[in-house]
file model-v1.pdb (PDB, C-alpha atoms and all ligand atoms)
ATOM      1  CA  MET A   1      -2.176 -25.507 -14.172
ATOM      2  CA  THR A   2       0.047 -24.616 -11.251
ATOM      3  CA  ALA A   3       0.366 -20.883 -10.853
ATOM      4  CA  ARG A   4       3.679 -19.099 -10.777
ATOM      5  CA  LEU A   5       4.284 -17.579  -7.355
ATOM      6  CA  ILE A   6       4.796 -13.801  -7.346
ATOM      7  CA  ASP A   7       7.298 -13.494  -4.526
ATOM      8  CA  GLY A   8       6.886 -10.149  -2.757
ATOM      9  CA  ASN A   9       9.928 -10.748  -0.564
ATOM     10  CA  ALA A  10      12.258 -11.381  -3.514
ATOM     11  CA  LEU A  11      10.947  -8.396  -5.493
ATOM     12  CA  SER A  12      11.198  -6.232  -2.371
ATOM     13  CA  ARG A  13      14.845  -7.185  -1.935
ATOM     14  CA  GLN A  14      15.608  -6.031  -5.484
ATOM     15  CA  ILE A  15      13.760  -2.716  -5.138
ATOM     16  CA  ARG A  16      15.114  -2.058  -1.644
ATOM     17  CA  ALA A  17      18.678  -2.591  -2.890
ATOM     18  CA  ASP A  18      18.075   0.206  -5.411
ATOM     19  CA  VAL A  19      16.531   2.398  -2.677
ATOM     20  CA  ALA A  20      19.585   1.796  -0.441
ATOM     21  CA  ARG A  21      21.946   2.722  -3.279
ATOM     22  CA  ARG A  22      20.081   5.961  -4.051
ATOM     23  CA  ALA A  23      19.708   6.799  -0.330
ATOM     24  CA  ALA A  24      23.478   6.410   0.122
ATOM     25  CA  ALA A  25      24.077   8.740  -2.845
ATOM     26  CA  LEU A  26      21.834  11.387  -1.257
ATOM     27  CA  THR A  27      23.489  10.931   2.141
ATOM     28  CA  ALA A  28      26.864  11.497   0.487
ATOM     29  CA  GLN A  29      25.462  14.861  -0.664
ATOM     30  CA  GLY A  30      24.518  15.680   2.951
ATOM     31  CA  LEU A  31      20.831  14.815   2.723
ATOM     32  CA  THR A  32      19.664  11.551   4.301
ATOM     33  CA  PRO A  33      16.079  10.661   3.353
ATOM     34  CA  GLY A  34      13.931  10.881   6.484
ATOM     35  CA  LEU A  35      10.568   9.345   7.382
ATOM     36  CA  ALA A  36       8.519  10.347  10.431
ATOM     37  CA  VAL A  37       6.008   7.769  11.624
ATOM     38  CA  ILE A  38       3.331   8.831  14.096
ATOM     39  CA  LEU A  39       1.477   6.226  16.122
ATOM     40  CA  VAL A  40      -1.336   7.211  18.473
ATOM     41  CA  GLY A  41      -2.562   4.625  20.967
ATOM     42  CA  ASP A  42      -1.714   0.973  21.503
ATOM     43  CA  ASN A  43      -3.386  -0.944  18.657
ATOM     44  CA  PRO A  44      -1.225  -4.119  18.574
ATOM     45  CA  ALA A  45      -1.430  -4.551  14.768
ATOM     46  CA  SER A  46      -0.470  -0.887  14.242
ATOM     47  CA  GLN A  47       2.511  -1.327  16.549
ATOM     48  CA  VAL A  48       3.773  -4.217  14.410
ATOM     49  CA  TYR A  49       3.258  -2.291  11.142
ATOM     50  CA  VAL A  50       5.036   0.761  12.497
ATOM     51  CA  ARG A  51       7.953  -1.283  13.809
ATOM     52  CA  ASN A  52       8.354  -2.973  10.420
ATOM     53  CA  LYS A  53       8.324   0.375   8.599
ATOM     54  CA  VAL A  54      10.943   1.899  10.903
ATOM     55  CA  LYS A  55      13.146  -1.201  10.633
ATOM     56  CA  ALA A  56      12.887  -1.164   6.824
ATOM     57  CA  CYS A  57      14.125   2.443   6.854
ATOM     58  CA  GLN A  58      17.046   1.583   9.100
ATOM     59  CA  ASP A  59      17.999  -1.439   7.000
ATOM     60  CA  ASN A  60      18.133   0.616   3.799
ATOM     61  CA  GLY A  61      19.943   3.780   4.876
ATOM     62  CA  LEU A  62      16.924   6.006   5.518
ATOM     63  CA  HIS A  63      16.604   8.056   8.685
ATOM     64  CA  SER A  64      13.395   7.353  10.597
ATOM     65  CA  VAL A  65      11.708   8.866  13.609
ATOM     66  CA  LEU A  66       8.939   7.081  15.474
ATOM     67  CA  GLU A  67       6.679   9.298  17.555
ATOM     68  CA  HIS A  68       4.395   7.227  19.779
ATOM     69  CA  TYR A  69       1.665   9.104  21.645
ATOM     70  CA  PRO A  70      -0.958   7.888  24.102
ATOM     71  CA  ALA A  71      -4.521   7.347  22.847
ATOM     72  CA  THR A  72      -5.533  10.429  24.842
ATOM     73  CA  LEU A  73      -3.511  12.770  22.575
ATOM     74  CA  SER A  74      -5.780  15.621  21.463
ATOM     75  CA  GLU A  75      -6.521  16.242  17.806
ATOM     76  CA  ALA A  76      -5.085  19.771  18.137
ATOM     77  CA  ASP A  77      -1.808  18.421  19.508
ATOM     78  CA  LEU A  78      -1.546  15.856  16.731
ATOM     79  CA  LEU A  79      -2.209  18.510  14.089
ATOM     80  CA  SER A  80       0.492  20.751  15.527
ATOM     81  CA  ARG A  81       2.986  17.845  15.494
ATOM     82  CA  VAL A  82       2.223  17.220  11.828
ATOM     83  CA  GLN A  83       2.619  20.918  11.071
ATOM     84  CA  ALA A  84       6.012  20.935  12.820
ATOM     85  CA  LEU A  85       7.132  17.897  10.776
ATOM     86  CA  ASN A  86       5.963  19.658   7.595
ATOM     87  CA  GLN A  87       8.579  22.339   8.405
ATOM     88  CA  ASP A  88      11.349  19.931   9.463
ATOM     89  CA  PRO A  89      14.040  19.792   6.732
ATOM     90  CA  THR A  90      15.344  16.394   7.948
ATOM     91  CA  ILE A  91      11.942  14.778   7.317
ATOM     92  CA  HIS A  92      10.830  14.071   3.740
ATOM     93  CA  GLY A  93       7.928  11.730   4.415
ATOM     94  CA  ILE A  94       5.244  11.782   7.114
ATOM     95  CA  LEU A  95       3.099   8.771   7.877
ATOM     96  CA  VAL A  96       0.305   8.820  10.434
ATOM     97  CA  GLN A  97      -0.581   5.208  11.203
ATOM     98  CA  LEU A  98      -4.305   4.486  10.877
ATOM     99  CA  PRO A  99      -6.670   3.844  12.544
ATOM    100  CA  LEU A 100      -6.605   6.846  14.878
ATOM    101  CA  PRO A 101      -8.613   6.985  18.115
ATOM    102  CA  PRO A 102     -12.263   7.941  17.469
ATOM    103  CA  HIS A 103     -11.958  11.490  18.879
ATOM    104  CA  ILE A 104      -9.431  12.353  16.121
ATOM    105  CA  ASP A 105     -10.650  13.136  12.600
ATOM    106  CA  ALA A 106      -8.273  11.091  10.424
ATOM    107  CA  HIS A 107      -9.290  13.013   7.313
ATOM    108  CA  LYS A 108      -8.320  16.322   8.934
ATOM    109  CA  VAL A 109      -4.967  14.891  10.022
ATOM    110  CA  ILE A 110      -4.129  13.532   6.559
ATOM    111  CA  GLU A 111      -5.085  16.834   4.942
ATOM    112  CA  THR A 112      -2.661  18.607   7.307
ATOM    113  CA  ILE A 113       0.306  16.614   5.958
ATOM    114  CA  SER A 114       2.115  18.602   3.275
ATOM    115  CA  PRO A 115       1.376  16.984  -0.124
ATOM    116  CA  LEU A 116       5.172  17.137  -0.671
ATOM    117  CA  LYS A 117       5.620  14.730   2.283
ATOM    118  CA  ASP A 118       2.480  12.603   1.780
ATOM    119  CA  VAL A 119       4.382   9.349   1.221
ATOM    120  CA  ASP A 120       1.314   7.225   2.040
ATOM    121  CA  GLY A 121      -0.456   8.911  -0.892
ATOM    122  CA  PHE A 122      -3.675   9.430   1.089
ATOM    123  CA  HIS A 123      -3.933  13.250   0.829
ATOM    124  CA  VAL A 124      -6.684  14.463  -1.523
ATOM    125  CA  ALA A 125      -3.975  16.215  -3.556
ATOM    126  CA  SER A 126      -2.298  12.829  -4.156
ATOM    127  CA  ALA A 127      -5.650  11.135  -4.854
ATOM    128  CA  GLY A 128      -6.564  13.941  -7.266
ATOM    129  CA  ALA A 129      -3.212  13.696  -9.032
ATOM    130  CA  LEU A 130      -3.804   9.978  -9.554
ATOM    131  CA  MET A 131      -7.329  10.636 -10.817
ATOM    132  CA  VAL A 132      -6.194  13.133 -13.473
ATOM    133  CA  GLY A 133      -2.964  11.301 -14.329
ATOM    134  CA  GLN A 134      -0.506  13.831 -12.892
ATOM    135  CA  SER A 135       2.574  12.890 -10.919
ATOM    136  CA  GLY A 136       2.068  12.538  -7.175
ATOM    137  CA  PHE A 137       2.616  10.005  -4.429
ATOM    138  CA  LYS A 138       0.800   6.762  -5.143
ATOM    139  CA  PRO A 139      -0.711   4.761  -2.257
ATOM    140  CA  CYS A 140       1.856   2.110  -1.385
ATOM    141  CA  THR A 141      -0.260  -1.063  -1.538
ATOM    142  CA  PRO A 142      -1.711  -0.656  -5.054
ATOM    143  CA  TYR A 143       1.617   0.798  -6.206
ATOM    144  CA  GLY A 144       3.269  -2.412  -4.965
ATOM    145  CA  CYS A 145       0.656  -4.473  -6.828
ATOM    146  CA  MET A 146       1.506  -2.673 -10.074
ATOM    147  CA  LYS A 147       5.197  -3.446  -9.515
ATOM    148  CA  MET A 148       4.314  -7.110  -8.983
ATOM    149  CA  LEU A 149       2.457  -7.236 -12.304
ATOM    150  CA  GLU A 150       5.424  -5.566 -13.998
ATOM    151  CA  SER A 151       7.807  -8.079 -12.404
ATOM    152  CA  ILE A 152       6.103 -11.003 -14.168
ATOM    153  CA  GLY A 153       5.766  -9.141 -17.473
ATOM    154  CA  CYS A 154       1.985  -8.770 -17.111
ATOM    155  CA  ASP A 155       1.064  -5.597 -19.014
ATOM    156  CA  PRO A 156      -2.508  -4.575 -18.046
ATOM    157  CA  LYS A 157      -3.043  -2.904 -21.443
ATOM    158  CA  GLY A 158      -6.094  -4.392 -23.147
ATOM    159  CA  LYS A 159      -6.767  -6.761 -20.254
ATOM    160  CA  HIS A 160      -9.889  -6.946 -18.126
ATOM    161  CA  ALA A 161      -9.055  -6.304 -14.473
ATOM    162  CA  VAL A 162     -11.510  -6.892 -11.646
ATOM    163  CA  VAL A 163     -10.778  -5.165  -8.336
ATOM    164  CA  ILE A 164     -12.745  -6.455  -5.348
ATOM    165  CA  GLY A 165     -12.932  -3.702  -2.725
ATOM    166  CA  ARG A 166     -13.346   0.054  -3.105
ATOM    167  CA  SER A 167     -11.502   1.567  -0.142
ATOM    168  CA  ASN A 168      -9.684   4.859  -0.603
ATOM    169  CA  ILE A 169      -6.360   3.263   0.327
ATOM    170  CA  VAL A 170      -6.477   0.098  -1.795
ATOM    171  CA  GLY A 171      -9.451  -0.614  -4.071
ATOM    172  CA  LYS A 172     -10.083   2.785  -5.678
ATOM    173  CA  PRO A 173      -6.425   3.741  -6.300
ATOM    174  CA  MET A 174      -5.756   0.183  -7.553
ATOM    175  CA  ALA A 175      -8.527   0.565 -10.114
ATOM    176  CA  LEU A 176      -7.207   3.980 -11.191
ATOM    177  CA  MET A 177      -3.638   2.678 -11.610
ATOM    178  CA  LEU A 178      -4.862  -0.247 -13.716
ATOM    179  CA  LEU A 179      -7.005   2.149 -15.757
ATOM    180  CA  GLN A 180      -3.994   4.392 -16.282
ATOM    181  CA  ALA A 181      -2.171   1.278 -17.520
ATOM    182  CA  HIS A 182      -4.971   0.836 -20.118
ATOM    183  CA  ALA A 183      -6.837  -2.084 -18.551
ATOM    184  CA  THR A 184     -10.618  -2.299 -18.687
ATOM    185  CA  ILE A 185     -11.785  -2.122 -15.087
ATOM    186  CA  THR A 186     -14.613  -3.570 -13.048
ATOM    187  CA  ILE A 187     -14.807  -2.569  -9.370
ATOM    188  CA  CYS A 188     -16.772  -4.918  -7.112
ATOM    189  CA  HIS A 189     -17.849  -4.328  -3.508
ATOM    190  CA  SER A 190     -20.203  -5.607  -0.832
ATOM    191  CA  ALA A 191     -23.299  -4.667  -2.854
ATOM    192  CA  THR A 192     -22.144  -6.444  -6.032
ATOM    193  CA  PRO A 193     -24.793  -9.155  -6.614
ATOM    194  CA  ASP A 194     -22.895 -11.888  -8.457
ATOM    195  CA  LEU A 195     -19.192 -11.510  -7.753
ATOM    196  CA  ALA A 196     -18.228 -14.696  -9.598
ATOM    197  CA  HIS A 197     -19.921 -13.441 -12.786
ATOM    198  CA  HIS A 198     -17.380 -10.600 -12.875
ATOM    199  CA  THR A 199     -14.297 -12.422 -11.646
ATOM    200  CA  ARG A 200     -14.728 -15.254 -14.180
ATOM    201  CA  GLN A 201     -14.235 -12.723 -16.980
ATOM    202  CA  ALA A 202     -11.084 -11.217 -15.495
ATOM    203  CA  ASP A 203      -7.530 -11.535 -16.783
ATOM    204  CA  ILE A 204      -6.325  -9.849 -13.571
ATOM    205  CA  VAL A 205      -8.105 -10.085 -10.205
ATOM    206  CA  VAL A 206      -7.069  -7.957  -7.228
ATOM    207  CA  VAL A 207      -8.790  -8.918  -3.988
ATOM    208  CA  ALA A 208      -8.817  -6.329  -1.170
ATOM    209  CA  VAL A 209     -11.715  -7.182   1.117
ATOM    210  CA  GLY A 210     -10.427  -8.441   4.471
ATOM    211  CA  ARG A 211     -12.331 -11.742   4.532
ATOM    212  CA  ARG A 212     -11.042 -15.270   3.935
ATOM    213  CA  ASN A 213     -12.012 -17.241   0.804
ATOM    214  CA  VAL A 214     -13.666 -14.338  -1.008
ATOM    215  CA  LEU A 215     -12.136 -15.736  -4.209
ATOM    216  CA  THR A 216     -12.277 -19.491  -4.839
ATOM    217  CA  ALA A 217     -11.072 -21.588  -7.794
ATOM    218  CA  ASP A 218     -14.511 -21.770  -9.458
ATOM    219  CA  MET A 219     -14.553 -17.933  -9.652
ATOM    220  CA  VAL A 220     -11.306 -17.646 -11.636
ATOM    221  CA  LYS A 221     -10.722 -17.830 -15.389
ATOM    222  CA  PRO A 222      -7.937 -20.315 -16.194
ATOM    223  CA  GLY A 223      -4.686 -18.403 -16.657
ATOM    224  CA  ALA A 224      -5.751 -15.272 -14.769
ATOM    225  CA  VAL A 225      -3.274 -13.352 -12.595
ATOM    226  CA  VAL A 226      -4.447 -13.064  -8.983
ATOM    227  CA  LEU A 227      -3.159 -10.522  -6.445
ATOM    228  CA  ASP A 228      -4.260 -11.067  -2.848
ATOM    229  CA  VAL A 229      -4.140  -7.919  -0.712
ATOM    230  CA  GLY A 230      -6.160  -9.266   2.218
ATOM    231  CA  MET A 231      -4.693  -9.943   5.643
ATOM    232  CA  ASN A 232      -6.668 -12.279   7.843
ATOM    233  CA  ARG A 233      -6.068 -15.052  10.357
ATOM    234  CA  THR A 234      -6.990 -18.715   9.981
ATOM    235  CA  ASP A 235      -8.805 -20.462  12.836
ATOM    236  CA  ASP A 236      -5.429 -21.593  14.169
ATOM    237  CA  GLY A 237      -4.047 -18.056  14.065
ATOM    238  CA  LYS A 238      -1.938 -18.197  10.889
ATOM    239  CA  LEU A 239      -1.792 -15.195   8.561
ATOM    240  CA  CYS A 240      -3.805 -15.689   5.362
ATOM    241  CA  GLY A 241      -5.273 -13.621   2.560
ATOM    242  CA  ASP A 242      -8.696 -13.234   0.954
ATOM    243  CA  VAL A 243      -8.009 -15.866  -1.704
ATOM    244  CA  ASP A 244      -8.366 -19.636  -1.342
ATOM    245  CA  PHE A 245      -4.706 -20.028  -2.253
ATOM    246  CA  ASP A 246      -4.605 -23.826  -2.621
ATOM    247  CA  GLY A 247      -7.579 -23.929  -4.993
ATOM    248  CA  VAL A 248      -6.912 -20.756  -6.986
ATOM    249  CA  SER A 249      -3.238 -21.558  -7.535
ATOM    250  CA  LYS A 250      -4.352 -24.600  -9.574
ATOM    251  CA  VAL A 251      -6.306 -22.350 -11.986
ATOM    252  CA  ALA A 252      -4.429 -19.028 -12.116
ATOM    253  CA  SER A 253      -1.232 -18.476 -14.115
ATOM    254  CA  ALA A 254       0.330 -16.352 -11.354
ATOM    255  CA  ILE A 255      -0.631 -15.591  -7.769
ATOM    256  CA  THR A 256       0.678 -13.730  -4.728
ATOM    257  CA  PRO A 257       1.010 -15.661  -1.459
ATOM    258  CA  VAL A 258       0.046 -14.391   1.995
ATOM    259  CA  PRO A 259       2.340 -13.884   3.809
ATOM    260  CA  GLY A 260       5.222 -12.910   1.511
ATOM    261  CA  GLY A 261       3.215 -11.255  -1.257
ATOM    262  CA  VAL A 262       1.680  -7.789  -1.252
ATOM    263  CA  GLY A 263       2.569  -7.079   2.420
ATOM    264  CA  PRO A 264       6.344  -6.603   1.999
ATOM    265  CA  MET A 265       5.746  -4.653  -1.225
ATOM    266  CA  THR A 266       3.631  -2.101   0.659
ATOM    267  CA  ILE A 267       6.556  -1.238   2.917
ATOM    268  CA  THR A 268       8.947  -1.277  -0.034
ATOM    269  CA  MET A 269       6.873   1.296  -1.911
ATOM    270  CA  LEU A 270       6.798   3.470   1.221
ATOM    271  CA  LEU A 271      10.599   3.491   1.086
ATOM    272  CA  VAL A 272      10.472   4.354  -2.626
ATOM    273  CA  ASN A 273       8.052   7.240  -2.007
ATOM    274  CA  THR A 274      10.183   8.580   0.871
ATOM    275  CA  LEU A 275      13.348   8.336  -1.198
ATOM    276  CA  GLU A 276      11.691  10.146  -4.107
ATOM    277  CA  ALA A 277      10.428  12.886  -1.751
ATOM    278  CA  ALA A 278      14.013  13.345  -0.556
ATOM    279  CA  GLU A 279      15.368  13.370  -4.119
ATOM    280  CA  ARG A 280      12.876  16.135  -4.956
ATOM    281  CA  ALA A 281      13.921  18.066  -1.833
ATOM    282  CA  ALA A 282      17.568  17.712  -2.901
ATOM    283  CA  GLN A 283      16.750  19.167  -6.330
ATOM    284  CA  MET A 284      15.058  22.173  -4.693
ATOM    285  CA  ARG A 285      18.068  23.044  -2.518
TER     286      ARG A 285
HETATM  287  P1  LIG B 301     -11.832  -1.843   3.823
HETATM  288  O1  LIG B 301     -11.674  -0.378   3.883
HETATM  289  O2  LIG B 301     -12.568  -2.549   4.916
HETATM  290  O3  LIG B 301     -12.546  -2.200   2.435
HETATM  291  C1  LIG B 301     -12.978  -3.494   2.152
HETATM  292  C2  LIG B 301     -13.739  -3.483   0.851
HETATM  293  O4  LIG B 301     -14.224  -4.803   0.607
HETATM  294  C3  LIG B 301     -14.955  -2.558   0.842
HETATM  295  O5  LIG B 301     -14.964  -1.804  -0.333
HETATM  296  C4  LIG B 301     -16.138  -3.524   0.905
HETATM  297  O6  LIG B 301     -17.273  -3.076   0.202
HETATM  298  C5  LIG B 301     -15.580  -4.730   0.198
HETATM  299  N1  LIG B 301     -16.288  -5.949   0.576
HETATM  300  C6  LIG B 301     -16.628  -6.365   1.816
HETATM  301  N2  LIG B 301     -17.265  -7.548   1.751
HETATM  302  C7  LIG B 301     -17.318  -7.885   0.443
HETATM  303  C8  LIG B 301     -17.841  -8.981  -0.260
HETATM  304  N3  LIG B 301     -18.455  -9.994   0.362
HETATM  305  N4  LIG B 301     -17.751  -9.007  -1.616
HETATM  306  C9  LIG B 301     -17.139  -8.000  -2.262
HETATM  307  N5  LIG B 301     -16.607  -6.922  -1.637
HETATM  308  C10 LIG B 301     -16.701  -6.874  -0.300
HETATM  309  O7  LIG B 301     -10.433  -2.587   3.716
HETATM  310  P2  LIG B 301      -9.037  -2.118   3.051
HETATM  311  O8  LIG B 301      -8.380  -1.124   3.938
HETATM  312  O9  LIG B 301      -9.224  -1.809   1.618
HETATM  313  O10 LIG B 301      -8.232  -3.485   3.194
HETATM  314  C11 LIG B 301      -8.694  -4.679   2.609
HETATM  315  C12 LIG B 301      -7.845  -5.836   3.088
HETATM  316  O11 LIG B 301      -6.511  -5.613   2.687
HETATM  317  C13 LIG B 301      -7.778  -6.008   4.607
HETATM  318  O12 LIG B 301      -7.619  -7.373   4.911
HETATM  319  C14 LIG B 301      -6.523  -5.277   4.988
HETATM  320  O13 LIG B 301      -5.957  -5.759   6.194
HETATM  321  C15 LIG B 301      -5.658  -5.609   3.820
HETATM  322  N6  LIG B 301      -4.576  -4.673   3.558
HETATM  323  C16 LIG B 301      -3.359  -5.223   3.335
HETATM  324  C17 LIG B 301      -2.311  -4.397   3.049
HETATM  325  C18 LIG B 301      -0.974  -5.021   2.783
HETATM  326  O14 LIG B 301       0.017  -4.347   2.822
HETATM  327  N7  LIG B 301      -0.940  -6.321   2.472
HETATM  328  C19 LIG B 301      -2.463  -3.018   2.987
HETATM  329  C20 LIG B 301      -3.741  -2.492   3.185
HETATM  330  C21 LIG B 301      -4.794  -3.334   3.458
HETATM  331  P3  LIG B 301     -18.119  -1.769   0.664
HETATM  332  O15 LIG B 301     -17.317  -0.594   0.205
HETATM  333  O16 LIG B 301     -19.391  -1.923  -0.070
HETATM  334  O17 LIG B 301     -18.244  -1.860   2.146
END

call {"tool": "encode", "arguments": {"input": "model-v1.pdb", "output": "structure tokens"}}
result
Amino acid sequence: MTARLIDGNALSRQIRADVARRAAALTAQGLTPGLAVILVGDNPASQVYVRNKVKACQDNGLHSVLEHYPATLSEADLLSRVQALNQDPTIHGILVQLPLPPHIDAHKVIETISPLKDVDGFHVASAGALMVGQSGFKPCTPYGCMKMLESIGCDPKGKHAVVIGRSNIVGKPMALMLLQAHATITICHSATPDLAHHTRQADIVVVAVGRRNVLTADMVKPGAVVLDVGMNRTDDGKLCGDVDFDGVSKVASAITPVPGGVGPMTITMLLVNTLEAAERAAQMR
């Protein structure tokens, strides 16, 4: 079998075109959706992520503000910036790029973001809403994964999904979204004894570990759908995921590539969340 490629760039283009159309409609009503991105310090990867997010806003008719502070910024100063953005009517989404320098409590910062502007979906109010099935902002990466499944007509209902990784930003919300879509879920992590035993039973495998070749062809049931969230580098510096793409794509029925898979969808869902925050703000005017 040769797996169908789930193209995150192509799907992103479609969704972003809809975002741009809805953003233009809001702008015509005098309300341009606005995203504030806060970066503290000089982490090179964070600088690239932040640049890509700001550019995606600009390309699709959203207003964006990048606030870049030195790594010495105090926690108190960061909290007061977030509080000011909470009150700013031109800003509908606030994103604080992680990781933060060690002297700043990231949890405290995220909890200071208004849940109405929590477009990353990391606030406990958003996490709680997802847990109990209420509407709220969904974390962008797993949200993008759900859109990718939808795009290939893969309905999780009645399927067995295995999520490898249990972080608060990817693994846990991914499992909850699949559960909400009526899949049967197994969550695996670093203390799972026989990973392959679980993955071989899965109709859907989502891998979010951050290590190359966590999932190889012998661990995959023929015909499974495989979503690769991981972002790693090969020995010669090329971007790659957690999945042995060449091997697994001969067994799976559909697979996401890295690059060009989940990565662009994460930014796309950030645009969707920001747009929806602005649409809600417009309704409350
Ligand atoms: P994380 O917080 O480090 O979590 C990694 C998870 O993998 C943990 O739950 C860990 O288990 C588990 N794990 C580690 N080794 C394992 C093993 N050998 N077998 C099974 N599970 C194992 O990472 P994250 O933030 O979720 O991100 C995961 C990956 O996705 C990273 O490569 C990251 O760069 C990437 N990512 C990509 C995007 C995107 O847009 N494409 C977005 C976010 C993240 P324990 O909990 O037991 O430690």

call {"tool": "resolve_selection", "arguments": {"input": "model-v1.pdb", "expression": "the PyMOL selection byres (((chain A and resi 10-26) around 7) and not hetatm)", "output": "MDAnalysis selection string"}}
result
chainID A and resid 7:9 27:33 60:62 264:265 268 272 275

call {"tool": "residues_near_ligand", "arguments": {"input": "model-v1.pdb", "ligand": "ligand LIG 301 (chain B)", "cutoff": "9 Å", "atoms": "all atoms listed in the file", "output": "VMD selection string"}}
result
chain A and resid 140 to 142 144 164 to 172 188 to 193 195 207 to 212 214 228 to 232 241 to 242 258 to 259 261 to 267

call {"tool": "write_last_selection", "arguments": {"input": "model-v1.pdb", "atoms": "C-alpha atoms", "output": "PDB file, keeping the file's coordinate frame"}}
result
ATOM      1  CA  CYS A 140       1.856   2.110  -1.385  1.00  0.00           C
ATOM      2  CA  THR A 141      -0.260  -1.063  -1.538  1.00  0.00           C
ATOM      3  CA  PRO A 142      -1.711  -0.656  -5.054  1.00  0.00           C
ATOM      4  CA  GLY A 144       3.269  -2.412  -4.965  1.00  0.00           C
ATOM      5  CA  ILE A 164     -12.745  -6.455  -5.348  1.00  0.00           C
ATOM      6  CA  GLY A 165     -12.932  -3.702  -2.725  1.00  0.00           C
ATOM      7  CA  ARG A 166     -13.346   0.054  -3.105  1.00  0.00           C
ATOM      8  CA  SER A 167     -11.502   1.567  -0.142  1.00  0.00           C
ATOM      9  CA  ASN A 168      -9.684   4.859  -0.603  1.00  0.00           C
ATOM     10  CA  ILE A 169      -6.360   3.263   0.327  1.00  0.00           C
ATOM     11  CA  VAL A 170      -6.477   0.098  -1.795  1.00  0.00           C
ATOM     12  CA  GLY A 171      -9.451  -0.614  -4.071  1.00  0.00           C
ATOM     13  CA  LYS A 172     -10.083   2.785  -5.678  1.00  0.00           C
ATOM     14  CA  CYS A 188     -16.772  -4.918  -7.112  1.00  0.00           C
ATOM     15  CA  HIS A 189     -17.849  -4.328  -3.508  1.00  0.00           C
ATOM     16  CA  SER A 190     -20.203  -5.607  -0.832  1.00  0.00           C
ATOM     17  CA  ALA A 191     -23.299  -4.667  -2.854  1.00  0.00           C
ATOM     18  CA  THR A 192     -22.144  -6.444  -6.032  1.00  0.00           C
ATOM     19  CA  PRO A 193     -24.793  -9.155  -6.614  1.00  0.00           C
ATOM     20  CA  LEU A 195     -19.192 -11.510  -7.753  1.00  0.00           C
ATOM     21  CA  VAL A 207      -8.790  -8.918  -3.988  1.00  0.00           C
ATOM     22  CA  ALA A 208      -8.817  -6.329  -1.170  1.00  0.00           C
ATOM     23  CA  VAL A 209     -11.715  -7.182   1.117  1.00  0.00           C
ATOM     24  CA  GLY A 210     -10.427  -8.441   4.471  1.00  0.00           C
ATOM     25  CA  ARG A 211     -12.331 -11.742   4.532  1.00  0.00           C
ATOM     26  CA  ARG A 212     -11.042 -15.270   3.935  1.00  0.00           C
ATOM     27  CA  VAL A 214     -13.666 -14.338  -1.008  1.00  0.00           C
ATOM     28  CA  ASP A 228      -4.260 -11.067  -2.848  1.00  0.00           C
ATOM     29  CA  VAL A 229      -4.140  -7.919  -0.712  1.00  0.00           C
ATOM     30  CA  GLY A 230      -6.160  -9.266   2.218  1.00  0.00           C
ATOM     31  CA  MET A 231      -4.693  -9.943   5.643  1.00  0.00           C
ATOM     32  CA  ASN A 232      -6.668 -12.279   7.843  1.00  0.00           C
ATOM     33  CA  GLY A 241      -5.273 -13.621   2.560  1.00  0.00           C
ATOM     34  CA  ASP A 242      -8.696 -13.234   0.954  1.00  0.00           C
ATOM     35  CA  VAL A 258       0.046 -14.391   1.995  1.00  0.00           C
ATOM     36  CA  PRO A 259       2.340 -13.884   3.809  1.00  0.00           C
ATOM     37  CA  GLY A 261       3.215 -11.255  -1.257  1.00  0.00           C
ATOM     38  CA  VAL A 262       1.680  -7.789  -1.252  1.00  0.00           C
ATOM     39  CA  GLY A 263       2.569  -7.079   2.420  1.00  0.00           C
ATOM     40  CA  PRO A 264       6.344  -6.603   1.999  1.00  0.00           C
ATOM     41  CA  MET A 265       5.746  -4.653  -1.225  1.00  0.00           C
ATOM     42  CA  THR A 266       3.631  -2.101   0.659  1.00  0.00           C
ATOM     43  CA  ILE A 267       6.556  -1.238   2.917  1.00  0.00           C
TER      44      ILE A 267
END

call {"tool": "atom_distance", "arguments": {"input": "model-v1.pdb", "atom1": "atom CA of Val54 of chain A", "atom2": "atom CA of His92 of chain A"}}
result
14.1 Å

call {"tool": "resolve_selection", "arguments": {"input": "model-v1.pdb", "expression": "the PyMOL selection byres (((chain A and resi 85) around 12) and not hetatm)", "output": "PyMOL selection string"}}
result
chain A and resi 34-38+65-67+78-84+86-96+112-114+116-118

call {"tool": "write_last_selection", "arguments": {"input": "model-v1.pdb", "atoms": "C-alpha atoms", "output": "compact mmCIF listing (two decimals), in the frame of the given file"}}
result
# COMPACT_ATOMS: atom_id res chain seq x y z
CA GLY A 34 13.93 10.88 6.48
CA LEU A 35 10.57 9.35 7.38
CA ALA A 36 8.52 10.35 10.43
CA VAL A 37 6.01 7.77 11.62
CA ILE A 38 3.33 8.83 14.10
CA VAL A 65 11.71 8.87 13.61
CA LEU A 66 8.94 7.08 15.47
CA GLU A 67 6.68 9.30 17.56
CA LEU A 78 -1.55 15.86 16.73
CA LEU A 79 -2.21 18.51 14.09
CA SER A 80 0.49 20.75 15.53
CA ARG A 81 2.99 17.84 15.49
CA VAL A 82 2.22 17.22 11.83
CA GLN A 83 2.62 20.92 11.07
CA ALA A 84 6.01 20.94 12.82
CA ASN A 86 5.96 19.66 7.60
CA GLN A 87 8.58 22.34 8.40
CA ASP A 88 11.35 19.93 9.46
CA PRO A 89 14.04 19.79 6.73
CA THR A 90 15.34 16.39 7.95
CA ILE A 91 11.94 14.78 7.32
CA HIS A 92 10.83 14.07 3.74
CA GLY A 93 7.93 11.73 4.42
CA ILE A 94 5.24 11.78 7.11
CA LEU A 95 3.10 8.77 7.88
CA VAL A 96 0.30 8.82 10.43
CA THR A 112 -2.66 18.61 7.31
CA ILE A 113 0.31 16.61 5.96
CA SER A 114 2.12 18.60 3.28
CA LEU A 116 5.17 17.14 -0.67
CA LYS A 117 5.62 14.73 2.28
CA ASP A 118 2.48 12.60 1.78
